[in-house]
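Asker: This is the structure, below, for whatever I ask next.
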Amino acid sequence: MPNKMPNHLHQIHMMMYGLGDSHEPNPDTVQLVENIVQSQLKTIVIEALKYGDGKVLRGRDLVFLLRHNKYKMQRFVRYILHKELSQKLKCSNTVPKVDPDERPKNKLIKFIESIDETGEFMDMSEVDETKVERMLRADRISRNLNEEKYLEFQKSRCASFKSCPRSFENVRQWIDPKKEIIFEDDSMEVLCYLAFQTVAELVDYALLVREDAQSGSDPLAHLPSSGSYYTAAMFKAPHGLERGRVDCARIRTNQAPISVSEIKEVMRRVYSPQAGKLNFGGKVPDTHYLLAL
């Protein structure tokens, strides 16, 4: 019998909850998100192979695709630095004294430094506003959770495409079922990261779509007086709450899950933007539609 194609529905279900969706995401939405992530990862792999020999996928070729967005490159650098520091802590019984100028130098960090002509890719002084928005959203959701629910929510916040047994092999089979590509180890690390970022971007934009739908005819109604505009939809009239009197527990339990139509609207806007990048009449590159890049 042929091997059954692995799916990542459970991981995506947890990721969506940890990123701001309902406690019980819509199964049809989770399935659609999985299909989008799989499709986008395959396109990312095809684009990355153009910078090598076409048969071996290297982590550096995947990272190279991030070069057009310095904020997403910086977010990836922070991810690698955090991962390297976590590994050092696990290997030591004491907290190491880390010099701010002494960064872990793995292959990917060295490669990023080699293409960082202006120094902006490795500039960690800039605030990652998207990351802050996601953290603020998580804080607001978890503020009034009891201990049991909070631990459940925190577990979902830690979910990723690497949080299951044989995760790299499952992702490899998911993207290349015919085994036509040779994946280097660091390429699987980068692919899992880009897959997570694709899910995160879909949730971010779906909440914005929901906010637009609730703003009515007033184009400025969705702008909050303070805090995160990504999460404003979770703190407005449908919950019967006044501004400044947020009941986080009620929002968590009553919030409608992200719908299939909201995800489809996100993709419609991605492929048909009202104002997009200039292409001077040429064909829009495939990377233009990839959420993680």
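Following the order of the structure tokens, first chain is A, next is B, and so on, with residues numbered from 1 inside each chain and ligands from 1 in the order they appear.
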What lies within 10 Å of stretch 155-172 of chain A using only C-alpha atoms, ignoring chain neighbours under 5 positions off, as a PyMOL selection string?

Answerer: chain A and resi 5-8+10-20+23+38+41+138+149-150+177-179+181-183+185+187-189+191-197+199

Asker: Selected residues, C-alpha atoms, written as a PDB file, in the first residue's frame, please.

Answerer:
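Writing the result to result-v1.pdb gives the following:
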ATOM      1  CA  MET A   5       0.466  11.591   2.898  1.00  0.00           C
ATOM      2  CA  PRO A   6       1.197  13.260   6.249  1.00  0.00           C
ATOM      3  CA  ASN A   7      -0.992  16.146   7.316  1.00  0.00           C
ATOM      4  CA  HIS A   8      -0.398  18.908   9.814  1.00  0.00           C
ATOM      5  CA  HIS A  10      -3.429  19.201  14.494  1.00  0.00           C
ATOM      6  CA  GLN A  11      -0.357  21.445  14.569  1.00  0.00           C
ATOM      7  CA  ILE A  12      -2.096  24.139  12.496  1.00  0.00           C
ATOM      8  CA  HIS A  13      -5.170  23.885  14.747  1.00  0.00           C
ATOM      9  CA  MET A  14      -2.978  24.622  17.776  1.00  0.00           C
ATOM     10  CA  MET A  15      -0.970  27.321  16.014  1.00  0.00           C
ATOM     11  CA  MET A  16      -4.095  29.208  14.964  1.00  0.00           C
ATOM     12  CA  TYR A  17      -5.412  29.170  18.534  1.00  0.00           C
ATOM     13  CA  GLY A  18      -2.055  30.337  19.866  1.00  0.00           C
ATOM     14  CA  LEU A  19      -1.968  33.134  17.281  1.00  0.00           C
ATOM     15  CA  GLY A  20      -5.385  34.544  18.165  1.00  0.00           C
ATOM     16  CA  HIS A  23     -10.198  28.013  21.134  1.00  0.00           C
ATOM     17  CA  GLN A  38       1.592  23.494   1.436  1.00  0.00           C
ATOM     18  CA  LEU A  41       5.998  26.114   0.584  1.00  0.00           C
ATOM     19  CA  ALA A 138      -1.725  36.818  23.258  1.00  0.00           C
ATOM     20  CA  LYS A 149      -6.753  27.141  30.300  1.00  0.00           C
ATOM     21  CA  TYR A 150      -3.642  29.279  30.414  1.00  0.00           C
ATOM     22  CA  PRO A 177       6.360  13.210  -1.985  1.00  0.00           C
ATOM     23  CA  LYS A 178       8.284  11.838  -4.988  1.00  0.00           C
ATOM     24  CA  LYS A 179      11.644  12.442  -3.249  1.00  0.00           C
ATOM     25  CA  ILE A 181      14.882  16.920  -4.040  1.00  0.00           C
ATOM     26  CA  ILE A 182      17.793  16.538  -1.653  1.00  0.00           C
ATOM     27  CA  PHE A 183      17.113  18.602   1.481  1.00  0.00           C
ATOM     28  CA  ASP A 185      19.404  19.744   7.323  1.00  0.00           C
ATOM     29  CA  SER A 187      16.884  23.814   4.820  1.00  0.00           C
ATOM     30  CA  MET A 188      14.314  21.847   6.825  1.00  0.00           C
ATOM     31  CA  GLU A 189      14.802  24.205   9.772  1.00  0.00           C
ATOM     32  CA  LEU A 191      11.168  25.572   5.814  1.00  0.00           C
ATOM     33  CA  CYS A 192       9.474  24.833   9.149  1.00  0.00           C
ATOM     34  CA  TYR A 193      10.042  28.455  10.170  1.00  0.00           C
ATOM     35  CA  LEU A 194       8.563  29.789   6.908  1.00  0.00           C
ATOM     36  CA  ALA A 195       5.581  27.447   7.245  1.00  0.00           C
ATOM     37  CA  PHE A 196       4.824  28.806  10.712  1.00  0.00           C
ATOM     38  CA  GLN A 197       5.162  32.394   9.491  1.00  0.00           C
ATOM     39  CA  VAL A 199       0.103  30.458   9.206  1.00  0.00           C
TER      40      VAL A 199
END

Asker: Have a look at atom CA of A:Val266 and atom CA of A:Tyr205 and let me know their distance in Å, one decimal.

Answerer: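 Separation of atom CA of A:Val266 and atom CA of A:Tyr205: 6.2 Å.
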
Asker: Mind dumping a table of every stretch 100-142 of chain A residue within 8 Å of stretch 65-71 of chain A, with the nearest atom pair and its distance in Å to one decimal, using only C-alpha atoms, sorted by chain and rising number, as CSV?

Answerer:
residue,atom,partner,partner_atom,distance
A:Glu120,CA,A:Lys70,CA,6.9
A:Phe121,CA,A:Lys70,CA,5.7
A:Asp128,CA,A:Tyr71,CA,7.0

Asker: Name the closest residue to A:Phe64 among the candidates A:Tyr289, A:Phe111, A:Tyr79, A:Tyr271; distances are taken between atoms, counting only C-alpha atoms.

Answerer: A:Phe111

Asker: If we count only C-alpha atoms and set the cut-off at 9 Å, which residues sit around A:Ala48, ignoring sequence neighbours fewer than 5 positions away in its own chain? Please answer as number ranges by chain.

Answerer: A: 43, 54, 57-65

Asker: Give me a file of those residues, with C-alpha atoms, as a short mmCIF file (atom, residue, chain, number, x, y, z; two decimals), in the first residue's frame.

Answerer:
data_model
loop_
_atom_site.label_atom_id
_atom_site.label_comp_id
_atom_site.auth_asym_id
_atom_site.auth_seq_id
_atom_site.Cartn_x
_atom_site.Cartn_y
_atom_site.Cartn_z
CA THR A 43 6.52 27.58 -4.56
CA GLY A 54 18.16 22.59 -8.95
CA LEU A 57 17.87 22.59 -1.39
CA ARG A 58 20.14 24.60 0.89
CA GLY A 59 19.06 26.69 3.85
CA ARG A 60 20.99 29.70 2.53
CA ASP A 61 18.95 29.66 -0.70
CA LEU A 62 15.72 29.83 1.29
CA VAL A 63 17.09 32.64 3.46
CA PHE A 64 18.16 34.53 0.33
CA LEU A 65 14.49 34.85 -0.65
#

Asker: For the atom pair atom CA of A:Arg78 and atom CA of A:Gln40, what is the interatomic distance in Å to one decimal place?

Answerer: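 Value for the atom CA of A:Arg78-atom CA of A:Gln40 distance: 22.9 Å.
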